[in-house]
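Trainee: data.cif (mmCIF, C-alpha atoms and all ligand atoms) pasted underneath:
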data_my_file
#
loop_
_atom_site.group_PDB
_atom_site.id
_atom_site.type_symbol
_atom_site.label_atom_id
_atom_site.label_comp_id
_atom_site.auth_asym_id
_atom_site.auth_seq_id
_atom_site.Cartn_x
_atom_site.Cartn_y
_atom_site.Cartn_z
ATOM 1 C CA MET A 662 0.000 0.000 0.000
ATOM 2 C CA ILE A 663 1.298 3.448 -0.909
ATOM 3 C CA LEU A 664 0.383 5.935 1.760
ATOM 4 C CA ASN A 665 -0.402 9.582 1.186
ATOM 5 C CA VAL A 666 -1.690 12.050 3.760
ATOM 6 C CA LYS A 667 -0.675 15.705 3.664
ATOM 7 C CA ASN A 668 -3.568 17.418 5.356
ATOM 8 C CA GLU A 669 -6.865 16.835 7.178
ATOM 9 C CA THR A 670 -9.314 17.368 4.345
ATOM 10 C CA SER A 671 -8.185 16.157 0.896
ATOM 11 C CA LYS A 672 -10.423 13.491 -0.596
ATOM 12 C CA LEU A 673 -10.239 10.423 1.613
ATOM 13 C CA GLU A 674 -9.584 7.107 -0.109
ATOM 14 C CA ALA A 675 -8.539 4.722 2.653
ATOM 15 C CA VAL A 676 -8.834 4.921 6.415
ATOM 16 C CA VAL A 677 -8.595 2.737 9.486
ATOM 17 C CA LEU A 678 -11.689 2.975 11.649
ATOM 18 C CA GLY A 679 -11.350 1.809 15.272
ATOM 19 C CA ILE A 680 -13.429 -1.138 16.402
ATOM 20 C CA PRO A 681 -15.930 -1.395 19.265
ATOM 21 C CA ASP A 682 -15.890 -5.209 19.695
ATOM 22 C CA SER A 683 -14.772 -6.665 23.018
ATOM 23 C CA MET A 684 -14.185 -3.336 24.725
ATOM 24 C CA GLY A 685 -13.855 -5.076 28.062
ATOM 25 C CA ASN A 686 -15.401 -4.039 31.357
ATOM 26 C CA GLU A 687 -16.165 -0.461 32.252
ATOM 27 C CA PRO A 688 -12.993 0.985 33.809
ATOM 28 C CA THR A 689 -12.887 1.879 37.487
ATOM 29 C CA LEU A 690 -12.260 5.541 38.320
ATOM 30 C CA GLU A 691 -8.585 4.759 38.939
ATOM 31 C CA GLU A 692 -8.281 2.947 35.613
ATOM 32 C CA THR A 693 -9.443 5.902 33.522
ATOM 33 C CA TYR A 694 -6.750 8.018 31.863
ATOM 34 C CA ASP A 695 -8.644 10.993 30.473
ATOM 35 C CA SER A 696 -10.970 13.492 32.149
ATOM 36 C CA LYS A 697 -14.035 12.665 30.084
ATOM 37 C CA SER A 698 -13.903 8.948 30.877
ATOM 38 C CA TYR A 699 -13.228 9.870 34.491
ATOM 39 C CA GLU A 700 -16.398 11.951 34.543
ATOM 40 C CA SER A 701 -18.473 9.299 32.736
ATOM 41 C CA VAL A 702 -17.490 6.625 35.244
ATOM 42 C CA LYS A 703 -18.139 8.956 38.157
ATOM 43 C CA LEU A 704 -21.595 9.910 36.849
ATOM 44 C CA ASN A 705 -22.404 6.356 35.840
ATOM 45 C CA GLN A 706 -22.594 7.365 32.173
ATOM 46 C CA TYR A 707 -19.847 5.225 30.698
ATOM 47 C CA PRO A 708 -21.301 3.843 27.452
ATOM 48 C CA LYS A 709 -22.321 0.262 26.770
ATOM 49 C CA GLU A 710 -20.501 -1.605 24.029
ATOM 50 C CA SER A 711 -23.727 -2.035 22.033
ATOM 51 C CA ASP A 712 -24.325 1.737 21.962
ATOM 52 C CA VAL A 713 -20.760 2.403 20.841
ATOM 53 C CA ALA A 714 -21.099 -0.293 18.176
ATOM 54 C CA PHE A 715 -24.280 1.320 16.847
ATOM 55 C CA GLU A 716 -22.624 4.736 16.545
ATOM 56 C CA MET A 717 -19.474 3.379 14.919
ATOM 57 C CA GLY A 718 -21.684 1.444 12.493
ATOM 58 C CA GLU A 719 -23.318 4.725 11.452
ATOM 59 C CA PHE A 720 -19.863 6.223 10.920
ATOM 60 C CA GLU A 721 -18.769 3.276 8.801
ATOM 61 C CA LYS A 722 -21.906 3.574 6.655
ATOM 62 C CA VAL A 723 -21.185 7.231 5.883
ATOM 63 C CA LEU A 724 -17.567 6.451 4.962
ATOM 64 C CA LYS A 725 -18.648 3.643 2.653
ATOM 65 C CA LYS A 726 -21.362 5.763 1.096
ATOM 66 C CA HIS A 727 -18.581 8.124 0.008
ATOM 67 C CA ASN A 728 -16.550 5.220 -1.428
ATOM 68 C CA VAL A 729 -13.880 5.261 1.239
ATOM 69 C CA GLN A 730 -12.038 1.986 1.749
ATOM 70 C CA VAL A 731 -12.378 1.130 5.441
ATOM 71 C CA PHE A 732 -9.805 -1.030 7.239
ATOM 72 C CA ARG A 733 -10.211 -2.262 10.823
ATOM 73 C CA PRO A 734 -7.637 -3.339 13.396
ATOM 74 C CA TRP A 735 -8.096 -6.973 14.380
ATOM 75 C CA VAL A 736 -10.100 -7.506 17.570
ATOM 76 C CA LEU A 737 -8.195 -7.977 20.819
ATOM 77 C CA GLU A 738 -10.088 -9.461 23.710
ATOM 78 C CA ASP A 739 -11.218 -7.035 26.422
ATOM 79 C CA CYS A 740 -9.412 -4.098 24.905
ATOM 80 C CA ASN A 741 -10.875 -0.708 24.000
ATOM 81 C CA GLN A 742 -9.844 -0.137 20.355
ATOM 82 C CA VAL A 743 -12.221 2.657 19.453
ATOM 83 C CA PHE A 744 -9.609 5.385 19.064
ATOM 84 C CA ALA A 745 -7.466 4.330 16.119
ATOM 85 C CA ARG A 746 -6.090 7.846 15.756
ATOM 86 C CA ASP A 747 -3.559 7.687 18.509
ATOM 87 C CA VAL A 748 -1.650 4.473 17.798
ATOM 88 C CA GLY A 749 0.210 5.884 14.830
ATOM 89 C CA MET A 750 -0.147 8.219 11.933
ATOM 90 C CA VAL A 751 0.593 8.821 8.288
ATOM 91 C CA ILE A 752 2.627 11.859 7.259
ATOM 92 C CA ASP A 753 3.142 12.101 3.489
ATOM 93 C CA ASP A 754 4.014 8.494 2.551
ATOM 94 C CA LYS A 755 5.382 7.418 5.934
ATOM 95 C CA PHE A 756 3.722 5.567 8.779
ATOM 96 C CA ILE A 757 4.983 6.676 12.198
ATOM 97 C CA ILE A 758 4.286 4.212 14.986
ATOM 98 C CA ALA A 759 3.407 6.347 18.006
ATOM 99 C CA ASN A 760 4.760 5.904 21.493
ATOM 100 C CA ILE A 761 1.466 5.998 23.371
ATOM 101 C CA ILE A 762 0.521 5.979 27.049
ATOM 102 C CA PRO A 763 1.394 2.536 28.530
ATOM 103 C CA ASP A 764 -2.285 1.913 29.461
ATOM 104 C CA ARG A 765 -3.020 1.755 25.735
ATOM 105 C CA ALA A 766 0.126 0.085 24.390
ATOM 106 C CA ASP A 767 -1.674 -3.252 23.816
ATOM 107 C CA GLU A 768 -3.777 -1.671 21.092
ATOM 108 C CA GLN A 769 -0.844 -1.391 18.702
ATOM 109 C CA GLU A 770 -0.372 -5.055 17.838
ATOM 110 C CA ALA A 771 -3.778 -5.080 16.129
ATOM 111 C CA TYR A 772 -2.317 -2.892 13.365
ATOM 112 C CA GLU A 773 0.381 -5.367 12.391
ATOM 113 C CA ARG A 774 -1.371 -6.518 9.224
ATOM 114 C CA ILE A 775 -1.917 -2.949 8.095
ATOM 115 C CA ILE A 776 1.674 -1.941 8.886
ATOM 116 C CA ASN A 777 3.047 -5.033 7.135
ATOM 117 C CA SER A 778 1.341 -3.984 3.927
ATOM 118 C CA ILE A 779 3.470 -0.809 3.818
ATOM 119 C CA ALA A 780 7.040 -0.826 2.429
ATOM 120 C CA LYS A 781 9.429 -1.386 5.364
ATOM 121 C CA GLU A 782 11.489 1.736 4.728
ATOM 122 C CA LYS A 783 8.347 3.838 5.040
ATOM 123 C CA VAL A 784 7.548 2.634 8.562
ATOM 124 C CA ILE A 785 9.174 4.643 11.334
ATOM 125 C CA LYS A 786 9.377 3.726 14.977
ATOM 126 C CA VAL A 787 10.150 6.628 17.290
ATOM 127 C CA PRO A 788 12.885 6.503 19.958
ATOM 128 C CA GLU A 789 11.753 5.622 23.475
ATOM 129 C CA GLU A 790 12.065 9.124 24.928
ATOM 130 C CA VAL A 791 9.782 10.523 22.229
ATOM 131 C CA HIS A 792 6.171 10.401 23.410
ATOM 132 C CA PHE A 793 3.391 11.259 21.008
ATOM 133 C CA GLU A 794 -0.118 10.202 20.043
ATOM 134 C CA GLY A 795 -1.751 10.805 16.654
ATOM 135 C CA GLY A 796 -4.452 13.036 18.143
ATOM 136 C CA ASP A 797 -1.774 15.606 18.884
ATOM 137 C CA VAL A 798 -0.475 15.902 15.333
ATOM 138 C CA ILE A 799 -2.381 17.881 12.725
ATOM 139 C CA LEU A 800 -1.173 18.175 9.144
ATOM 140 C CA TRP A 801 -1.823 21.200 7.047
ATOM 141 C CA ASN A 802 0.331 20.720 3.944
ATOM 142 C CA GLU A 803 3.689 22.333 4.694
ATOM 143 C CA PHE A 804 2.658 22.921 8.309
ATOM 144 C CA LEU A 805 2.743 20.296 11.012
ATOM 145 C CA PHE A 806 1.026 21.316 14.249
ATOM 146 C CA VAL A 807 2.040 19.375 17.334
ATOM 147 C CA GLY A 808 -0.035 19.586 20.523
ATOM 148 C CA CYS A 809 2.245 19.032 23.498
ATOM 149 C CA TYR A 810 2.988 19.694 27.143
ATOM 150 C CA LYS A 811 6.476 20.883 28.009
ATOM 151 C CA GLN A 812 6.276 21.638 31.727
ATOM 152 C CA SER A 813 8.353 19.839 34.358
ATOM 153 C CA ASP A 814 5.257 18.115 35.820
ATOM 154 C CA TYR A 815 4.647 16.321 32.479
ATOM 155 C CA LYS A 816 4.759 12.885 34.043
ATOM 156 C CA ASN A 817 2.141 13.772 36.668
ATOM 157 C CA TYR A 818 -0.524 14.055 33.969
ATOM 158 C CA LYS A 819 -2.089 11.020 32.360
ATOM 159 C CA THR A 820 -3.527 13.404 29.788
ATOM 160 C CA ALA A 821 -0.116 14.776 28.742
ATOM 161 C CA ARG A 822 0.707 12.461 25.830
ATOM 162 C CA THR A 823 3.128 14.376 23.632
ATOM 163 C CA ASN A 824 6.388 15.803 24.946
ATOM 164 C CA ALA A 825 9.047 18.294 23.853
ATOM 165 C CA GLU A 826 11.187 15.443 22.478
ATOM 166 C CA ALA A 827 8.396 14.663 20.020
ATOM 167 C CA VAL A 828 8.408 18.206 18.697
ATOM 168 C CA GLN A 829 12.167 17.886 18.099
ATOM 169 C CA PHE A 830 11.681 14.490 16.466
ATOM 170 C CA PHE A 831 9.173 15.857 13.930
ATOM 171 C CA LYS A 832 11.503 18.749 13.103
ATOM 172 C CA GLU A 833 14.350 16.359 12.341
ATOM 173 C CA GLU A 834 12.283 13.753 10.534
ATOM 174 C CA PHE A 835 10.431 16.285 8.357
ATOM 175 C CA PRO A 836 12.941 19.061 7.638
ATOM 176 C CA ASN A 837 10.783 20.370 4.797
ATOM 177 C CA LYS A 838 7.786 20.966 7.025
ATOM 178 C CA TRP A 839 7.207 23.880 9.287
ATOM 179 C CA VAL A 840 6.672 22.250 12.679
ATOM 180 C CA ILE A 841 4.676 24.432 15.060
ATOM 181 C CA ASP A 842 4.294 23.243 18.639
ATOM 182 C CA MET A 843 1.159 24.198 20.507
ATOM 183 C CA GLU A 844 1.124 23.720 24.235
ATOM 184 C CA LEU A 845 -2.194 22.535 25.637
ATOM 185 C CA VAL A 846 -3.978 23.114 28.969
ATOM 186 C CA LYS A 847 -3.937 19.868 30.974
ATOM 187 C CA ASP A 848 -6.349 18.641 33.653
ATOM 188 C CA ASP A 849 -6.855 14.931 34.261
ATOM 189 C CA PHE A 850 -10.209 15.330 35.978
ATOM 190 C CA ASP A 851 -12.141 18.279 34.565
ATOM 191 C CA PRO A 852 -13.334 17.845 30.943
ATOM 192 C CA TYR A 853 -14.371 21.514 30.868
ATOM 193 C CA VAL A 854 -10.744 22.526 31.356
ATOM 194 C CA GLY A 855 -8.199 19.939 30.229
ATOM 195 C CA ILE A 856 -7.429 19.255 26.560
ATOM 196 C CA LEU A 857 -6.416 15.654 25.929
ATOM 197 C CA HIS A 858 -5.120 16.090 22.376
ATOM 198 C CA LEU A 859 -4.676 18.950 19.932
ATOM 199 C CA ASP A 860 -7.602 17.616 17.877
ATOM 200 C CA CYS A 861 -9.897 18.331 20.838
ATOM 201 C CA THR A 862 -9.234 22.063 20.552
ATOM 202 C CA PHE A 863 -8.341 22.718 16.896
ATOM 203 C CA GLN A 864 -9.006 21.297 13.480
ATOM 204 C CA PRO A 865 -8.754 22.503 9.878
ATOM 205 C CA VAL A 866 -11.814 21.833 7.690
ATOM 206 C CA GLY A 867 -12.881 22.713 4.146
ATOM 207 C CA HIS A 868 -10.246 24.520 2.113
ATOM 208 C CA ASN A 869 -8.696 26.984 4.529
ATOM 209 C CA LYS A 870 -11.117 26.994 7.423
ATOM 210 C CA ALA A 871 -10.617 25.930 11.013
ATOM 211 C CA ILE A 872 -12.559 25.079 14.152
ATOM 212 C CA LEU A 873 -10.903 26.399 17.278
ATOM 213 C CA TYR A 874 -11.314 26.574 21.049
ATOM 214 C CA LYS A 875 -9.259 29.472 22.359
ATOM 215 C CA GLU A 876 -8.965 28.479 26.023
ATOM 216 C CA GLY A 877 -7.411 25.146 25.107
ATOM 217 C CA PHE A 878 -4.032 26.736 24.455
ATOM 218 C CA ARG A 879 -1.730 27.231 27.411
ATOM 219 C CA ASN A 880 0.034 30.038 25.583
ATOM 220 C CA PRO A 881 -2.300 32.611 23.969
ATOM 221 C CA MET A 882 0.336 33.198 21.295
ATOM 222 C CA HIS A 883 -0.328 29.739 19.904
ATOM 223 C CA TYR A 884 -3.956 30.694 19.402
ATOM 224 C CA ASP A 885 -2.810 33.934 17.733
ATOM 225 C CA ILE A 886 -0.616 31.989 15.300
ATOM 226 C CA LEU A 887 -3.611 29.964 14.139
ATOM 227 C CA ILE A 888 -5.764 33.053 13.754
ATOM 228 C CA SER A 889 -3.149 34.716 11.601
ATOM 229 C CA LEU A 890 -2.523 31.600 9.502
ATOM 230 C CA PHE A 891 -6.181 30.890 8.783
ATOM 231 C CA GLY A 892 -7.584 34.422 9.009
ATOM 232 C CA ARG A 893 -10.175 35.415 11.605
ATOM 233 C CA ASP A 894 -13.075 35.138 9.172
ATOM 234 C CA ASN A 895 -12.162 31.559 8.353
ATOM 235 C CA VAL A 896 -12.216 30.406 11.956
ATOM 236 C CA PHE A 897 -15.236 29.083 13.848
ATOM 237 C CA GLU A 898 -14.605 29.468 17.560
ATOM 238 C CA VAL A 899 -16.393 27.058 19.869
ATOM 239 C CA THR A 900 -17.572 27.750 23.410
ATOM 240 C CA LYS A 901 -16.448 25.865 26.510
ATOM 241 C CA GLU A 902 -19.635 23.803 26.384
ATOM 242 C CA GLU A 903 -19.061 22.950 22.710
ATOM 243 C CA MET A 904 -15.463 21.998 23.444
ATOM 244 C CA TYR A 905 -16.746 19.719 26.214
ATOM 245 C CA TRP A 906 -18.923 17.923 23.649
ATOM 246 C CA MET A 907 -15.884 17.791 21.335
ATOM 247 C CA ASN A 908 -17.069 19.979 18.458
ATOM 248 C CA PRO A 909 -13.525 20.431 17.108
ATOM 249 C CA ASN A 910 -13.251 16.661 16.615
ATOM 250 C CA VAL A 911 -15.284 16.307 13.409
ATOM 251 C CA PHE A 912 -13.835 14.340 10.481
ATOM 252 C CA SER A 913 -13.392 15.403 6.855
ATOM 253 C CA ILE A 914 -14.042 13.090 3.913
ATOM 254 C CA SER A 915 -13.119 15.873 1.482
ATOM 255 C CA PRO A 916 -12.862 19.681 1.542
ATOM 256 C CA GLU A 917 -16.612 19.724 0.809
ATOM 257 C CA ILE A 918 -17.848 16.862 3.009
ATOM 258 C CA VAL A 919 -17.478 16.570 6.754
ATOM 259 C CA VAL A 920 -18.850 14.021 9.222
ATOM 260 C CA SER A 921 -20.170 15.650 12.384
ATOM 261 C CA GLU A 922 -22.193 14.815 15.480
ATOM 262 C CA LYS A 923 -25.919 15.438 15.208
ATOM 263 C CA HIS A 924 -26.101 17.597 18.345
ATOM 264 C CA PHE A 925 -23.510 20.123 17.099
ATOM 265 C CA THR A 926 -26.250 22.514 15.945
ATOM 266 C CA ARG A 927 -24.348 25.799 15.833
ATOM 267 C CA LEU A 928 -21.250 24.319 14.185
ATOM 268 C CA ASN A 929 -23.183 22.221 11.667
ATOM 269 C CA ASN A 930 -25.330 25.190 10.623
ATOM 270 C CA HIS A 931 -22.231 27.329 10.192
ATOM 271 C CA MET A 932 -20.432 24.727 8.101
ATOM 272 C CA ARG A 933 -23.512 24.336 5.889
ATOM 273 C CA GLU A 934 -24.761 27.850 5.590
ATOM 274 C CA VAL A 935 -21.644 29.981 5.799
ATOM 275 C CA TRP A 936 -19.021 27.588 4.487
ATOM 276 C CA GLY A 937 -21.273 25.802 1.977
ATOM 277 C CA MET A 938 -20.231 22.338 3.091
ATOM 278 C CA THR A 939 -22.129 19.055 3.109
ATOM 279 C CA VAL A 940 -22.442 17.920 6.716
ATOM 280 C CA GLU A 941 -23.093 14.228 7.317
ATOM 281 C CA GLU A 942 -24.650 14.149 10.795
ATOM 282 C CA ILE A 943 -24.454 10.972 12.833
ATOM 283 C CA PRO A 944 -25.091 10.106 16.496
ATOM 284 C CA TYR A 945 -21.768 9.831 18.318
ATOM 285 C CA ARG A 946 -22.455 11.013 21.859
ATOM 286 C CA ASN A 947 -21.820 7.669 23.522
ATOM 287 C CA VAL A 948 -18.368 7.497 22.004
ATOM 288 C CA SER A 949 -17.645 11.011 23.291
ATOM 289 C CA ARG A 950 -18.092 9.724 26.847
ATOM 290 C CA MET A 951 -14.832 7.809 26.443
ATOM 291 C CA GLY A 952 -12.821 10.927 25.670
ATOM 292 C CA GLY A 953 -12.719 11.037 21.886
ATOM 293 C CA LEU A 954 -14.950 11.635 18.907
ATOM 294 C CA LEU A 955 -14.895 11.253 15.132
ATOM 295 C CA ARG A 956 -11.342 12.250 14.236
ATOM 296 C CA CYS A 957 -10.066 10.198 17.161
ATOM 297 C CA SER A 958 -11.785 7.070 15.818
ATOM 298 C CA THR A 959 -9.980 7.212 12.485
ATOM 299 C CA LEU A 960 -6.490 6.857 11.087
ATOM 300 C CA PRO A 961 -6.356 8.057 7.482
ATOM 301 C CA LEU A 962 -4.014 6.123 5.176
ATOM 302 C CA ILE A 963 -4.643 7.684 1.762
ATOM 303 C CA ARG A 964 -6.026 11.088 0.837
ATOM 304 C CA SER A 965 -5.750 11.936 -2.854
HETATM 305 N N1 LIG B 1 -7.218 11.707 19.397
HETATM 306 C C1 LIG B 1 -7.940 11.700 20.477
HETATM 307 N N2 LIG B 1 -8.372 12.849 20.974
HETATM 308 N N3 LIG B 1 -8.176 10.525 21.084
HETATM 309 C C2 LIG B 1 -8.965 10.329 22.238
HETATM 310 C C3 LIG B 1 -8.494 9.149 23.048
HETATM 311 C C4 LIG B 1 -9.334 8.919 24.274
HETATM 312 C C5 LIG B 1 -8.843 7.817 25.151
HETATM 313 N N4 LIG B 1 -9.784 7.574 26.197
HETATM 314 C C6 LIG B 1 -7.503 8.168 25.748
HETATM 315 O O1 LIG B 1 -7.459 8.685 26.816
HETATM 316 O O2 LIG B 1 -6.458 7.930 25.190
#
Let's see the structure in the file written out as structure tokens.
Mentor:
Amino acid sequence: MILNVKNETSKLEAVVLGIPDSMGNEPTLEETYDSKSYESVKLNQYPKESDVAFEMGEFEKVLKKHNVQVFRPWVLEDCNQVFARDVGMVIDDKFIIANIIPDRADEQEAYERIINSIAKEKVIKVPEEVHFEGGDVILWNEFLFVGCYKQSDYKNYKTARTNAEAVQFFKEEFPNKWVIDMELVKDDFDPYVGILHLDCTFQPVGHNKAILYKEGFRNPMHYDILISLFGRDNVFEVTKEEMYWMNPNVFSISPEIVVSEKHFTRLNNHMREVWGMTVEEIPYRNVSRMGGLLRCSTLPLIRS
């Protein structure tokens, strides 16, 4: 398979979609590793496997309707494999195997078949000290945005997944890209405050548009950079409440077609009416209760 991903929106041809089968038992509070799951367990709202399976089935149908080839990881017993995004990622024609949080490391073996179908020299494994997850890396042609956390208490946060070493790694590995690091606000317990991955606070859509949550950036200058790159009129800013429901985590099938959650009324209307896009609305609220949404459930392999 010849990989090709240079941005978040070019026409999608092949993607890995996570899989809801055999998710295992609901985690205990101590076993959760993101604030949203923590809250769901605490409020007794952690989703049932059948509800997650229904929502992911709706997602798969939309992808297939648009002629996208959908790959799945193989099913591991009692293992949550919904969020394909984080285990690795494609940049240009390379597959980078991520160095993810140890609680999730088991998920990676299920991608062996997919990785084996890629030429060996195109598969990159990062050094041990480099921590990153795919949700923190956003491609925008010559730009590579990396969500990270660089403070000395990095290891105290289960929700800090990408470190300063990763930023350096991307700079060295992709010398022709402009790597921009964006430090995120972290909070392991409050989903109204902490940002798990960059794709929970920012995402390009359409041609040169972006969805953005200002308070997610630890350094206001990082927000300013995005505003100046995209242009204020091309940015849809979400509220705290919309961030909580993960509005920035929609998923593009092409610059004209985006998959979104059916409750995202304000965003969906804006994308349709102001940006002229086709919005495929699906139910995905149960999945959101585990700390990720549509982008998080996918790992694009080929965008033309
Ligand atoms: N790209 C993302 N935002 N992924 C969300 C992953 C959520 C998952 N519960 C975790 O903590 O790892």
Trainee: Show me a table, sorted first by chain and then by increasing residue number, of the residues of chain A having an atom at most 7 Å from ligand LIG 1 (chain B), each with its shortest atom pair and the distance in Å to one decimal, counting only C-alpha atoms and all ligand atoms and written as a tab-separated table.
Mentor:
residue	atom	partner	partner_atom	distance
A:Tyr694	CA	B:LIG1	O1	5.1
A:Asp695	CA	B:LIG1	O1	4.5
A:Ser698	CA	B:LIG1	N4	6.4
A:Phe744	CA	B:LIG1	C3	5.6
A:Arg746	CA	B:LIG1	N1	5.4
A:Asp747	CA	B:LIG1	N1	5.5
A:Gly795	CA	B:LIG1	N1	6.2
A:Gly796	CA	B:LIG1	N1	3.3
A:Asp797	CA	B:LIG1	N1	6.7
A:Thr820	CA	B:LIG1	O1	6.8
A:Leu857	CA	B:LIG1	N2	6.0
A:His858	CA	B:LIG1	N2	4.8
A:Asp860	CA	B:LIG1	N2	5.7
A:Cys861	CA	B:LIG1	N2	5.7
A:Met951	CA	B:LIG1	N4	5.1
A:Gly952	CA	B:LIG1	C4	4.3
A:Gly953	CA	B:LIG1	C2	3.8
A:Leu954	CA	B:LIG1	C2	7.0
A:Arg956	CA	B:LIG1	N1	6.6
A:Cys957	CA	B:LIG1	N1	3.9
Trainee: Using all atoms listed in the file, pick whichever of A:Gly937, A:Ile757, A:Asn817, A:Ala745 has the shortest atom-to-atom distance to Lys783 (chain A).
Mentor: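 Comparing A:Gly937, A:Ile757, A:Asn817, A:Ala745 against Lys783 (chain A), the winner is A:Ile757.
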Trainee: Counting only C-alpha atoms, what is within 7 Å of Val798 (chain A), bar same-chain residues fewer than 2 positions away, as a ChimeraX atom specification?
Mentor: /A:795-796,800,805-808,859
Trainee: Around the point (-10.1, 36.0, 14.5) (coordinates from the file), which residues reach within 12 Å if we count only C-alpha atoms? Answer as a VMD selection string.
Mentor: chain A and resid 870 to 875 884 to 898
Trainee: Keeping only C-alpha atoms, write the selected residues to a file as a CSV table (one decimal), in the coordinates of the input.
Mentor:
chain,number,residue,atom,x,y,z
A,870,LYS,CA,-11.1,27.0,7.4
A,871,ALA,CA,-10.6,25.9,11.0
A,872,ILE,CA,-12.6,25.1,14.2
A,873,LEU,CA,-10.9,26.4,17.3
A,874,TYR,CA,-11.3,26.6,21.0
A,875,LYS,CA,-9.3,29.5,22.4
A,884,TYR,CA,-4.0,30.7,19.4
A,885,ASP,CA,-2.8,33.9,17.7
A,886,ILE,CA,-0.6,32.0,15.3
A,887,LEU,CA,-3.6,30.0,14.1
A,888,ILE,CA,-5.8,33.1,13.8
A,889,SER,CA,-3.1,34.7,11.6
A,890,LEU,CA,-2.5,31.6,9.5
A,891,PHE,CA,-6.2,30.9,8.8
A,892,GLY,CA,-7.6,34.4,9.0
A,893,ARG,CA,-10.2,35.4,11.6
A,894,ASP,CA,-13.1,35.1,9.2
A,895,ASN,CA,-12.2,31.6,8.4
A,896,VAL,CA,-12.2,30.4,12.0
A,897,PHE,CA,-15.2,29.1,13.8
A,898,GLU,CA,-14.6,29.5,17.6
Trainee: Exactly which residues make up the result of the PyMOL selection byres (((chain A and resi 730) around 12) and not hetatm) on this file, given as a PDB file with C-alpha atoms, in the coordinates of the input?
Mentor:
ATOM      1  CA  LYS A 672     -10.423  13.491  -0.596  1.00  0.00           C
ATOM      2  CA  LEU A 673     -10.239  10.423   1.613  1.00  0.00           C
ATOM      3  CA  GLU A 674      -9.584   7.107  -0.109  1.00  0.00           C
ATOM      4  CA  ALA A 675      -8.539   4.722   2.653  1.00  0.00           C
ATOM      5  CA  VAL A 676      -8.834   4.921   6.415  1.00  0.00           C
ATOM      6  CA  VAL A 677      -8.595   2.737   9.486  1.00  0.00           C
ATOM      7  CA  LEU A 678     -11.689   2.975  11.649  1.00  0.00           C
ATOM      8  CA  GLU A 721     -18.769   3.276   8.801  1.00  0.00           C
ATOM      9  CA  LYS A 722     -21.906   3.574   6.655  1.00  0.00           C
ATOM     10  CA  VAL A 723     -21.185   7.231   5.883  1.00  0.00           C
ATOM     11  CA  LEU A 724     -17.567   6.451   4.962  1.00  0.00           C
ATOM     12  CA  LYS A 725     -18.648   3.643   2.653  1.00  0.00           C
ATOM     13  CA  LYS A 726     -21.362   5.763   1.096  1.00  0.00           C
ATOM     14  CA  HIS A 727     -18.581   8.124   0.008  1.00  0.00           C
ATOM     15  CA  ASN A 728     -16.550   5.220  -1.428  1.00  0.00           C
ATOM     16  CA  VAL A 729     -13.880   5.261   1.239  1.00  0.00           C
ATOM     17  CA  VAL A 731     -12.378   1.130   5.441  1.00  0.00           C
ATOM     18  CA  PHE A 732      -9.805  -1.030   7.239  1.00  0.00           C
ATOM     19  CA  ARG A 733     -10.211  -2.262  10.823  1.00  0.00           C
ATOM     20  CA  ILE A 914     -14.042  13.090   3.913  1.00  0.00           C
ATOM     21  CA  LEU A 960      -6.490   6.857  11.087  1.00  0.00           C
ATOM     22  CA  PRO A 961      -6.356   8.057   7.482  1.00  0.00           C
ATOM     23  CA  LEU A 962      -4.014   6.123   5.176  1.00  0.00           C
ATOM     24  CA  ILE A 963      -4.643   7.684   1.762  1.00  0.00           C
ATOM     25  CA  ARG A 964      -6.026  11.088   0.837  1.00  0.00           C
TER      26      ARG A 964
END
Trainee: As an exercise, work out the distance from CA of Cys740 (chain A) to CA of Trp906 (chain A) in Å and give it to one decimal place.
Mentor: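 So the two atoms, CA of Cys740 (chain A) and CA of Trp906 (chain A), lie 24.0 Å apart.
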Trainee: Starting from the PyMOL selection byres (((chain A and resi 825) around 12) and not hetatm), expand the selection into actual residues of this file and give them as an mmCIF file with C-alpha atoms, in the coordinates of the input.
Mentor:
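To be explicit, this is the file written out as expr_36.cif:
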data_model
loop_
_atom_site.group_PDB
_atom_site.id
_atom_site.type_symbol
_atom_site.label_atom_id
_atom_site.label_comp_id
_atom_site.auth_asym_id
_atom_site.auth_seq_id
_atom_site.Cartn_x
_atom_site.Cartn_y
_atom_site.Cartn_z
ATOM 1 C CA GLU A 790 12.065 9.124 24.928
ATOM 2 C CA VAL A 791 9.782 10.523 22.229
ATOM 3 C CA HIS A 792 6.171 10.401 23.410
ATOM 4 C CA PHE A 793 3.391 11.259 21.008
ATOM 5 C CA VAL A 807 2.040 19.375 17.334
ATOM 6 C CA GLY A 808 -0.035 19.586 20.523
ATOM 7 C CA CYS A 809 2.245 19.032 23.498
ATOM 8 C CA TYR A 810 2.988 19.694 27.143
ATOM 9 C CA LYS A 811 6.476 20.883 28.009
ATOM 10 C CA GLN A 812 6.276 21.638 31.727
ATOM 11 C CA SER A 813 8.353 19.839 34.358
ATOM 12 C CA TYR A 815 4.647 16.321 32.479
ATOM 13 C CA ALA A 821 -0.116 14.776 28.742
ATOM 14 C CA ARG A 822 0.707 12.461 25.830
ATOM 15 C CA THR A 823 3.128 14.376 23.632
ATOM 16 C CA ASN A 824 6.388 15.803 24.946
ATOM 17 C CA GLU A 826 11.187 15.443 22.478
ATOM 18 C CA ALA A 827 8.396 14.663 20.020
ATOM 19 C CA VAL A 828 8.408 18.206 18.697
ATOM 20 C CA GLN A 829 12.167 17.886 18.099
ATOM 21 C CA PHE A 830 11.681 14.490 16.466
ATOM 22 C CA PHE A 831 9.173 15.857 13.930
ATOM 23 C CA LYS A 832 11.503 18.749 13.103
ATOM 24 C CA ILE A 841 4.676 24.432 15.060
ATOM 25 C CA ASP A 842 4.294 23.243 18.639
ATOM 26 C CA MET A 843 1.159 24.198 20.507
ATOM 27 C CA GLU A 844 1.124 23.720 24.235
#
